[in-house]
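Everything below belongs to structure-v2.cif, which stores mmCIF, N, CA and C atoms.
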```cif
data_data
loop_
_atom_site.label_atom_id
_atom_site.label_comp_id
_atom_site.auth_asym_id
_atom_site.auth_seq_id
_atom_site.Cartn_x
_atom_site.Cartn_y
_atom_site.Cartn_z
N MET A 1 19.74 -1.23 -25.02
CA MET A 1 19.04 -0.18 -24.30
C MET A 1 18.67 -0.69 -22.91
N SER A 2 18.97 0.10 -21.91
CA SER A 2 18.60 -0.30 -20.56
C SER A 2 17.13 0.00 -20.31
N GLU A 3 16.62 -0.49 -19.20
CA GLU A 3 15.20 -0.33 -18.85
C GLU A 3 14.82 1.15 -18.77
N SER A 4 15.71 2.00 -18.20
CA SER A 4 15.38 3.42 -18.02
C SER A 4 15.52 4.22 -19.31
N ASP A 5 16.23 3.69 -20.32
CA ASP A 5 16.42 4.41 -21.58
C ASP A 5 15.29 4.16 -22.58
N LYS A 6 14.51 3.12 -22.37
CA LYS A 6 13.43 2.80 -23.30
C LYS A 6 12.36 3.88 -23.24
N PRO A 7 11.84 4.29 -24.39
CA PRO A 7 10.78 5.29 -24.37
C PRO A 7 9.50 4.68 -23.79
N ILE A 8 8.80 5.50 -23.01
CA ILE A 8 7.54 5.04 -22.45
C ILE A 8 6.43 5.97 -22.89
N ASP A 9 5.23 5.45 -22.94
CA ASP A 9 4.14 6.29 -23.44
C ASP A 9 3.59 7.19 -22.33
N GLU A 10 2.73 8.10 -22.72
CA GLU A 10 2.19 9.12 -21.83
C GLU A 10 1.43 8.52 -20.65
N ASN A 11 0.66 7.46 -20.91
CA ASN A 11 -0.11 6.83 -19.83
C ASN A 11 0.79 6.22 -18.76
N GLN A 12 1.90 5.63 -19.18
CA GLN A 12 2.85 5.06 -18.22
C GLN A 12 3.48 6.17 -17.38
N VAL A 13 3.80 7.29 -18.00
CA VAL A 13 4.37 8.44 -17.28
C VAL A 13 3.38 8.94 -16.24
N ILE A 14 2.13 9.12 -16.65
CA ILE A 14 1.10 9.62 -15.74
C ILE A 14 0.83 8.62 -14.62
N ASN A 15 0.76 7.34 -14.95
CA ASN A 15 0.51 6.32 -13.93
C ASN A 15 1.63 6.28 -12.90
N LYS A 16 2.87 6.36 -13.37
CA LYS A 16 4.01 6.36 -12.45
C LYS A 16 3.94 7.61 -11.55
N TYR A 17 3.61 8.76 -12.13
CA TYR A 17 3.49 10.01 -11.36
C TYR A 17 2.40 9.86 -10.30
N LYS A 18 1.25 9.34 -10.67
CA LYS A 18 0.15 9.16 -9.72
C LYS A 18 0.53 8.16 -8.62
N ASN A 19 1.24 7.11 -8.99
CA ASN A 19 1.69 6.13 -7.99
C ASN A 19 2.65 6.78 -6.99
N LEU A 20 3.57 7.60 -7.51
CA LEU A 20 4.50 8.29 -6.62
C LEU A 20 3.76 9.25 -5.68
N GLN A 21 2.77 9.97 -6.22
CA GLN A 21 1.97 10.87 -5.39
C GLN A 21 1.24 10.08 -4.30
N SER A 22 0.67 8.96 -4.69
CA SER A 22 -0.06 8.12 -3.74
C SER A 22 0.87 7.60 -2.63
N GLU A 23 2.06 7.17 -3.01
CA GLU A 23 3.03 6.70 -2.02
C GLU A 23 3.40 7.82 -1.06
N CYS A 24 3.63 9.02 -1.59
CA CYS A 24 3.97 10.16 -0.73
C CYS A 24 2.84 10.45 0.25
N GLN A 25 1.61 10.41 -0.23
CA GLN A 25 0.46 10.66 0.65
C GLN A 25 0.34 9.58 1.73
N SER A 26 0.58 8.34 1.37
CA SER A 26 0.47 7.27 2.37
C SER A 26 1.59 7.38 3.41
N TYR A 27 2.80 7.75 2.97
CA TYR A 27 3.89 7.97 3.93
C TYR A 27 3.56 9.13 4.86
N ALA A 28 3.00 10.19 4.32
CA ALA A 28 2.65 11.36 5.15
C ALA A 28 1.58 11.00 6.17
N SER A 29 0.59 10.21 5.77
CA SER A 29 -0.45 9.83 6.73
C SER A 29 0.11 8.87 7.78
N LYS A 30 1.03 8.01 7.39
CA LYS A 30 1.66 7.10 8.35
C LYS A 30 2.49 7.89 9.36
N ILE A 31 3.20 8.91 8.89
CA ILE A 31 3.97 9.76 9.80
C ILE A 31 3.04 10.44 10.79
N SER A 32 1.93 10.94 10.30
CA SER A 32 0.95 11.60 11.17
C SER A 32 0.43 10.63 12.23
N GLU A 33 0.11 9.44 11.81
CA GLU A 33 -0.40 8.41 12.72
C GLU A 33 0.65 8.06 13.78
N LEU A 34 1.90 7.87 13.35
CA LEU A 34 2.98 7.51 14.28
C LEU A 34 3.28 8.66 15.24
N GLU A 35 3.22 9.90 14.76
CA GLU A 35 3.47 11.04 15.64
C GLU A 35 2.36 11.17 16.68
N GLN A 36 1.14 10.84 16.32
CA GLN A 36 0.02 10.82 17.28
C GLN A 36 0.32 9.79 18.38
N GLU A 37 0.74 8.61 17.97
CA GLU A 37 1.07 7.55 18.92
C GLU A 37 2.25 7.96 19.79
N LEU A 38 3.23 8.62 19.19
CA LEU A 38 4.39 9.10 19.92
C LEU A 38 3.98 10.11 20.99
N GLY A 39 3.06 10.99 20.65
CA GLY A 39 2.55 11.96 21.62
C GLY A 39 1.85 11.27 22.79
N GLU A 40 1.11 10.21 22.48
CA GLU A 40 0.44 9.45 23.54
C GLU A 40 1.47 8.79 24.46
N HIS A 41 2.53 8.23 23.88
CA HIS A 41 3.58 7.61 24.69
C HIS A 41 4.25 8.65 25.59
N ARG A 42 4.52 9.83 25.04
CA ARG A 42 5.14 10.89 25.85
C ARG A 42 4.22 11.29 27.01
N LEU A 43 2.94 11.41 26.72
CA LEU A 43 1.97 11.78 27.75
C LEU A 43 1.95 10.74 28.87
N VAL A 44 1.91 9.46 28.52
CA VAL A 44 1.91 8.39 29.51
C VAL A 44 3.21 8.43 30.31
N GLU A 45 4.31 8.60 29.62
CA GLU A 45 5.62 8.63 30.29
C GLU A 45 5.70 9.81 31.26
N ASP A 46 5.26 10.99 30.84
CA ASP A 46 5.27 12.16 31.71
C ASP A 46 4.34 11.99 32.91
N THR A 47 3.24 11.29 32.70
CA THR A 47 2.29 11.05 33.79
C THR A 47 2.85 10.06 34.81
N LEU A 48 3.56 9.04 34.33
CA LEU A 48 4.06 8.00 35.23
C LEU A 48 5.35 8.38 35.96
N LYS A 49 6.17 9.26 35.39
CA LYS A 49 7.47 9.60 35.98
C LYS A 49 7.38 10.05 37.44
N PRO A 50 6.47 10.97 37.79
CA PRO A 50 6.47 11.44 39.18
C PRO A 50 5.87 10.45 40.18
N LEU A 51 5.26 9.37 39.70
CA LEU A 51 4.58 8.43 40.59
C LEU A 51 5.56 7.46 41.25
N ASP A 52 5.13 6.91 42.39
CA ASP A 52 5.91 5.91 43.10
C ASP A 52 6.02 4.65 42.23
N GLU A 53 7.20 4.05 42.19
CA GLU A 53 7.44 2.89 41.33
C GLU A 53 6.63 1.66 41.75
N LYS A 54 6.19 1.63 42.99
CA LYS A 54 5.42 0.47 43.48
C LYS A 54 3.92 0.64 43.26
N ARG A 55 3.54 1.79 42.78
CA ARG A 55 2.12 2.05 42.57
C ARG A 55 1.57 1.16 41.44
N ARG A 56 0.32 0.78 41.56
CA ARG A 56 -0.32 -0.05 40.55
C ARG A 56 -0.50 0.73 39.25
N ALA A 57 -0.25 0.06 38.14
CA ALA A 57 -0.48 0.65 36.82
C ALA A 57 -1.06 -0.43 35.92
N PHE A 58 -1.90 -0.01 35.01
CA PHE A 58 -2.51 -0.95 34.08
C PHE A 58 -2.00 -0.66 32.67
N ARG A 59 -1.76 -1.74 31.96
CA ARG A 59 -1.22 -1.58 30.60
C ARG A 59 -2.00 -2.51 29.67
N LEU A 60 -2.31 -1.98 28.50
CA LEU A 60 -3.03 -2.78 27.51
C LEU A 60 -2.00 -3.52 26.66
N VAL A 61 -2.04 -4.85 26.75
CA VAL A 61 -1.09 -5.69 26.01
C VAL A 61 -1.89 -6.63 25.12
N GLY A 62 -1.84 -6.40 23.83
CA GLY A 62 -2.54 -7.26 22.88
C GLY A 62 -4.04 -7.34 23.14
N GLY A 63 -4.63 -6.22 23.54
CA GLY A 63 -6.07 -6.18 23.77
C GLY A 63 -6.48 -6.65 25.16
N VAL A 64 -5.49 -7.00 26.00
CA VAL A 64 -5.79 -7.46 27.36
C VAL A 64 -5.20 -6.45 28.34
N LEU A 65 -6.00 -6.01 29.30
CA LEU A 65 -5.55 -5.07 30.32
C LEU A 65 -4.81 -5.85 31.40
N VAL A 66 -3.53 -5.51 31.61
CA VAL A 66 -2.68 -6.24 32.53
C VAL A 66 -2.28 -5.32 33.67
N GLU A 67 -2.33 -5.84 34.90
CA GLU A 67 -1.93 -5.06 36.06
C GLU A 67 -0.43 -5.23 36.29
N ARG A 68 0.26 -4.14 36.41
CA ARG A 68 1.70 -4.11 36.67
C ARG A 68 1.96 -3.00 37.67
N THR A 69 3.23 -2.71 37.89
CA THR A 69 3.59 -1.55 38.71
C THR A 69 4.17 -0.48 37.80
N VAL A 70 4.20 0.74 38.29
CA VAL A 70 4.77 1.84 37.51
C VAL A 70 6.22 1.52 37.15
N GLY A 71 6.95 0.92 38.08
CA GLY A 71 8.35 0.55 37.85
C GLY A 71 8.52 -0.44 36.71
N GLU A 72 7.53 -1.29 36.48
CA GLU A 72 7.60 -2.26 35.38
C GLU A 72 7.14 -1.65 34.06
N VAL A 73 6.16 -0.77 34.14
CA VAL A 73 5.56 -0.22 32.92
C VAL A 73 6.40 0.90 32.32
N LEU A 74 6.93 1.78 33.16
CA LEU A 74 7.65 2.96 32.67
C LEU A 74 8.81 2.63 31.73
N PRO A 75 9.68 1.68 32.04
CA PRO A 75 10.78 1.37 31.11
C PRO A 75 10.29 0.88 29.74
N SER A 76 9.23 0.08 29.72
CA SER A 76 8.74 -0.42 28.44
C SER A 76 8.09 0.70 27.63
N VAL A 77 7.40 1.62 28.30
CA VAL A 77 6.81 2.76 27.60
C VAL A 77 7.92 3.63 27.02
N ALA A 78 8.98 3.85 27.79
CA ALA A 78 10.11 4.66 27.31
C ALA A 78 10.79 3.99 26.11
N THR A 79 10.97 2.68 26.18
CA THR A 79 11.58 1.94 25.06
C THR A 79 10.70 2.03 23.82
N ASN A 80 9.41 1.84 24.00
CA ASN A 80 8.48 1.94 22.86
C ASN A 80 8.52 3.33 22.24
N ARG A 81 8.59 4.37 23.08
CA ARG A 81 8.66 5.74 22.58
C ARG A 81 9.93 5.95 21.76
N GLU A 82 11.06 5.46 22.27
CA GLU A 82 12.33 5.60 21.55
C GLU A 82 12.27 4.88 20.19
N ASN A 83 11.69 3.68 20.20
CA ASN A 83 11.55 2.93 18.95
C ASN A 83 10.63 3.66 17.97
N LEU A 84 9.55 4.24 18.48
CA LEU A 84 8.65 5.00 17.62
C LEU A 84 9.36 6.20 17.01
N GLU A 85 10.19 6.87 17.80
CA GLU A 85 10.94 8.02 17.28
C GLU A 85 11.84 7.60 16.12
N LYS A 86 12.49 6.46 16.27
CA LYS A 86 13.36 5.95 15.20
C LYS A 86 12.55 5.63 13.94
N VAL A 87 11.41 4.99 14.14
CA VAL A 87 10.57 4.63 12.99
C VAL A 87 10.07 5.88 12.29
N VAL A 88 9.65 6.89 13.06
CA VAL A 88 9.17 8.14 12.46
C VAL A 88 10.29 8.77 11.62
N GLU A 89 11.50 8.79 12.14
CA GLU A 89 12.63 9.36 11.38
C GLU A 89 12.87 8.59 10.08
N LYS A 90 12.81 7.26 10.15
CA LYS A 90 13.02 6.44 8.94
C LYS A 90 11.93 6.71 7.90
N VAL A 91 10.69 6.79 8.36
CA VAL A 91 9.58 7.03 7.43
C VAL A 91 9.70 8.43 6.83
N LYS A 92 10.14 9.41 7.64
CA LYS A 92 10.34 10.77 7.13
C LYS A 92 11.42 10.78 6.05
N MET A 93 12.51 10.03 6.28
CA MET A 93 13.58 9.97 5.28
C MET A 93 13.06 9.30 4.00
N THR A 94 12.27 8.26 4.14
CA THR A 94 11.70 7.58 2.98
C THR A 94 10.78 8.52 2.22
N LEU A 95 9.98 9.30 2.96
CA LEU A 95 9.08 10.27 2.32
C LEU A 95 9.89 11.31 1.54
N GLU A 96 10.96 11.81 2.13
CA GLU A 96 11.80 12.79 1.43
C GLU A 96 12.37 12.21 0.14
N GLU A 97 12.82 10.96 0.20
CA GLU A 97 13.36 10.31 -1.01
C GLU A 97 12.28 10.18 -2.08
N LYS A 98 11.09 9.78 -1.67
CA LYS A 98 9.99 9.63 -2.64
C LYS A 98 9.59 10.98 -3.22
N GLN A 99 9.60 12.03 -2.39
CA GLN A 99 9.27 13.36 -2.89
C GLN A 99 10.31 13.83 -3.90
N LYS A 100 11.59 13.54 -3.64
CA LYS A 100 12.64 13.89 -4.59
C LYS A 100 12.44 13.14 -5.90
N GLU A 101 12.10 11.86 -5.78
CA GLU A 101 11.84 11.04 -6.97
C GLU A 101 10.65 11.60 -7.75
N LEU A 102 9.62 12.03 -7.02
CA LEU A 102 8.42 12.61 -7.63
C LEU A 102 8.77 13.89 -8.38
N VAL A 103 9.55 14.75 -7.75
CA VAL A 103 9.94 16.02 -8.39
C VAL A 103 10.81 15.74 -9.62
N ALA A 104 11.74 14.79 -9.49
CA ALA A 104 12.60 14.45 -10.63
C ALA A 104 11.76 13.92 -11.80
N TRP A 105 10.80 13.07 -11.50
CA TRP A 105 9.92 12.52 -12.54
C TRP A 105 9.10 13.64 -13.18
N LYS A 106 8.63 14.54 -12.36
CA LYS A 106 7.82 15.67 -12.83
C LYS A 106 8.64 16.56 -13.76
N MET A 107 9.88 16.82 -13.38
CA MET A 107 10.77 17.66 -14.20
C MET A 107 11.16 16.95 -15.50
N LYS A 108 11.47 15.66 -15.39
CA LYS A 108 11.92 14.89 -16.55
C LYS A 108 10.86 14.88 -17.66
N TYR A 109 9.60 14.73 -17.27
CA TYR A 109 8.53 14.63 -18.25
C TYR A 109 7.67 15.88 -18.32
N ASN A 110 8.12 16.96 -17.69
CA ASN A 110 7.43 18.26 -17.74
C ASN A 110 5.94 18.12 -17.38
N ILE A 111 5.70 17.47 -16.25
CA ILE A 111 4.32 17.25 -15.80
C ILE A 111 3.86 18.49 -15.03
N LYS A 112 2.65 18.94 -15.33
CA LYS A 112 2.06 20.09 -14.65
C LYS A 112 0.73 19.64 -14.05
N THR A 113 0.49 20.02 -12.80
CA THR A 113 -0.82 19.75 -12.21
C THR A 113 -1.80 20.76 -12.77
N ALA A 114 -3.07 20.53 -12.56
CA ALA A 114 -4.11 21.44 -13.07
C ALA A 114 -3.91 22.84 -12.49
N GLU A 115 -3.56 22.93 -11.20
CA GLU A 115 -3.34 24.23 -10.56
C GLU A 115 -2.14 24.96 -11.19
N GLU A 116 -1.06 24.21 -11.43
CA GLU A 116 0.13 24.81 -12.04
C GLU A 116 -0.16 25.30 -13.45
N ALA A 117 -0.88 24.50 -14.22
CA ALA A 117 -1.22 24.88 -15.60
C ALA A 117 -2.09 26.13 -15.60
N GLU A 118 -3.03 26.20 -14.66
CA GLU A 118 -3.91 27.38 -14.55
C GLU A 118 -3.10 28.62 -14.17
N ALA A 119 -2.16 28.47 -13.25
CA ALA A 119 -1.32 29.61 -12.84
C ALA A 119 -0.47 30.11 -14.00
N ILE A 120 0.08 29.19 -14.78
CA ILE A 120 0.89 29.58 -15.95
C ILE A 120 0.03 30.29 -16.97
N ARG A 121 -1.18 29.78 -17.20
CA ARG A 121 -2.09 30.39 -18.16
C ARG A 121 -2.45 31.81 -17.72
N LYS A 122 -2.75 32.01 -16.44
CA LYS A 122 -3.11 33.34 -15.94
C LYS A 122 -1.93 34.29 -16.04
N GLN A 123 -0.73 33.78 -15.76
CA GLN A 123 0.47 34.60 -15.85
C GLN A 123 0.70 35.05 -17.30
N GLN A 124 0.47 34.15 -18.24
CA GLN A 124 0.64 34.47 -19.64
C GLN A 124 -0.40 35.50 -20.10
N GLU A 125 -1.61 35.40 -19.57
CA GLU A 125 -2.66 36.37 -19.91
C GLU A 125 -2.31 37.76 -19.41
N GLN A 126 -1.71 37.82 -18.21
CA GLN A 126 -1.36 39.11 -17.62
C GLN A 126 -0.22 39.79 -18.39
N THR A 127 0.72 38.97 -18.89
CA THR A 127 1.85 39.55 -19.61
C THR A 127 1.49 39.90 -21.06
N ALA A 128 0.42 39.32 -21.56
CA ALA A 128 0.03 39.57 -22.96
C ALA A 128 -0.75 40.85 -23.12
#
```

For the structure just supplied, provide its representation as structure tokens.
Amino acid sequence: MSESDKPIDENQVINKYKNLQSECQSYASKISELEQELGEHRLVEDTLKPLDEKRRAFRLVGGVLVERTVGEVLPSVATNRENLEKVVEKVKMTLEEKQKELVAWKMKYNIKTAEEAEAIRKQQEQTA
């Protein structure tokens, strides 16, 4: 018998379901956090683009405010924004995979949330 064919008890099923839910929530919050940061990068980039490249600009690097020029700062902000976009896409894909795994687990073991169980009960009362 392989690992996935072995019968598991109800507590293990519920724990795995809760873990998957927790992972999905943490991925969603990370996406939100990264998108906030991405918006900040876009704002900085849009603000710096029309400025003269020789103009003074300050950048926070590792908690230290460093004086640079717009010409030096703008490329690094653009690169960071591009990298953030890639990371957001990867985390979104990971979230989708986890959500699919969550739905598959839910279907396999016929798991119902309290809201779903209540909706089914009300529907059955209406038809009876």

A:Arg81, A:Lys92, A:Lys54, A:Lys18: which is nearest A:His41, counting only C-alpha atoms?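 Distance minimum relative to A:His41 lands on A:Arg81.
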
Point out the residue among A:Lys112, A:Glu45, A:Val91, A:Glu101 with the least atom-to-atom distance to A:Ala78, counting only C-alpha atoms.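 Looking only at the distances to A:Ala78, the closest residue turns out to be A:Glu45.
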
Just list the residues in stretch 11-125 of chain A DSSP gives strand (DSSP E) on the backbone, as number ranges by chain. A: 56-61, 64-69

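Here atom C of A:Arg68 is placed at a distance of 7.0 Å from atom CA of A:Arg55.
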
Figure out the distance between atom N of A:Ile14 and atom C of A:Lys98, please, to one decimal in Å. 15.5 Å

Between atom CA of A:Asn83 and atom CA of A:Leu38, what distance in Å does the model show, to one decimal?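 Pair atom CA of A:Asn83 / atom CA of A:Leu38 returns 9.5 Å.
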
Given the PyMOL selection byres (((chain A and resi 103-111 and name CA) around 12) and name CA) and the file above, list the residues it selects as a ChimeraX atom specification. /A:4,7-21,24,96-102,112-117

Could you write out that same residue set with N, CA and C atoms as a CSV table (one decimal), in the coordinates of the input?
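And here is the file that came out, result-v7.csv:
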```csv
chain,number,residue,atom,x,y,z
A,4,SER,N,15.7,2.0,-18.2
A,4,SER,CA,15.4,3.4,-18.0
A,4,SER,C,15.5,4.2,-19.3
A,7,PRO,N,11.8,4.3,-24.4
A,7,PRO,CA,10.8,5.3,-24.4
A,7,PRO,C,9.5,4.7,-23.8
A,8,ILE,N,8.8,5.5,-23.0
A,8,ILE,CA,7.5,5.0,-22.4
A,8,ILE,C,6.4,6.0,-22.9
A,9,ASP,N,5.2,5.4,-22.9
A,9,ASP,CA,4.1,6.3,-23.4
A,9,ASP,C,3.6,7.2,-22.3
A,10,GLU,N,2.7,8.1,-22.7
A,10,GLU,CA,2.2,9.1,-21.8
A,10,GLU,C,1.4,8.5,-20.6
A,11,ASN,N,0.7,7.5,-20.9
A,11,ASN,CA,-0.1,6.8,-19.8
A,11,ASN,C,0.8,6.2,-18.8
A,12,GLN,N,1.9,5.6,-19.2
A,12,GLN,CA,2.8,5.1,-18.2
A,12,GLN,C,3.5,6.2,-17.4
A,13,VAL,N,3.8,7.3,-18.0
A,13,VAL,CA,4.4,8.4,-17.3
A,13,VAL,C,3.4,8.9,-16.2
A,14,ILE,N,2.1,9.1,-16.6
A,14,ILE,CA,1.1,9.6,-15.7
A,14,ILE,C,0.8,8.6,-14.6
A,15,ASN,N,0.8,7.3,-15.0
A,15,ASN,CA,0.5,6.3,-13.9
A,15,ASN,C,1.6,6.3,-12.9
A,16,LYS,N,2.9,6.4,-13.4
A,16,LYS,CA,4.0,6.4,-12.4
A,16,LYS,C,3.9,7.6,-11.6
A,17,TYR,N,3.6,8.8,-12.1
A,17,TYR,CA,3.5,10.0,-11.4
A,17,TYR,C,2.4,9.9,-10.3
A,18,LYS,N,1.2,9.3,-10.7
A,18,LYS,CA,0.2,9.2,-9.7
A,18,LYS,C,0.5,8.2,-8.6
A,19,ASN,N,1.2,7.1,-9.0
A,19,ASN,CA,1.7,6.1,-8.0
A,19,ASN,C,2.6,6.8,-7.0
A,20,LEU,N,3.6,7.6,-7.5
A,20,LEU,CA,4.5,8.3,-6.6
A,20,LEU,C,3.8,9.2,-5.7
A,21,GLN,N,2.8,10.0,-6.2
A,21,GLN,CA,2.0,10.9,-5.4
A,21,GLN,C,1.2,10.1,-4.3
A,24,CYS,N,3.6,9.0,-1.6
A,24,CYS,CA,4.0,10.2,-0.7
A,24,CYS,C,2.8,10.4,0.2
A,96,GLU,N,11.0,11.8,2.1
A,96,GLU,CA,11.8,12.8,1.4
A,96,GLU,C,12.4,12.2,0.1
A,97,GLU,N,12.8,11.0,0.2
A,97,GLU,CA,13.4,10.3,-1.0
A,97,GLU,C,12.3,10.2,-2.1
A,98,LYS,N,11.1,9.8,-1.7
A,98,LYS,CA,10.0,9.6,-2.6
A,98,LYS,C,9.6,11.0,-3.2
A,99,GLN,N,9.6,12.0,-2.4
A,99,GLN,CA,9.3,13.4,-2.9
A,99,GLN,C,10.3,13.8,-3.9
A,100,LYS,N,11.6,13.5,-3.6
A,100,LYS,CA,12.6,13.9,-4.6
A,100,LYS,C,12.4,13.1,-5.9
A,101,GLU,N,12.1,11.9,-5.8
A,101,GLU,CA,11.8,11.0,-7.0
A,101,GLU,C,10.6,11.6,-7.8
A,102,LEU,N,9.6,12.0,-7.0
A,102,LEU,CA,8.4,12.6,-7.6
A,102,LEU,C,8.8,13.9,-8.4
A,112,LYS,N,2.6,18.9,-15.3
A,112,LYS,CA,2.1,20.1,-14.6
A,112,LYS,C,0.7,19.6,-14.0
A,113,THR,N,0.5,20.0,-12.8
A,113,THR,CA,-0.8,19.8,-12.2
A,113,THR,C,-1.8,20.8,-12.8
A,114,ALA,N,-3.1,20.5,-12.6
A,114,ALA,CA,-4.1,21.4,-13.1
A,114,ALA,C,-3.9,22.8,-12.5
A,115,GLU,N,-3.6,22.9,-11.2
A,115,GLU,CA,-3.3,24.2,-10.6
A,115,GLU,C,-2.1,25.0,-11.2
A,116,GLU,N,-1.1,24.2,-11.4
A,116,GLU,CA,0.1,24.8,-12.0
A,116,GLU,C,-0.2,25.3,-13.4
A,117,ALA,N,-0.9,24.5,-14.2
A,117,ALA,CA,-1.2,24.9,-15.6
A,117,ALA,C,-2.1,26.1,-15.6
```

From chain A, collect each residue whose DSSP state is helix (DSSP H, G or I) and return the set as a ChimeraX atom specification. /A:10-48,70-108,114-127
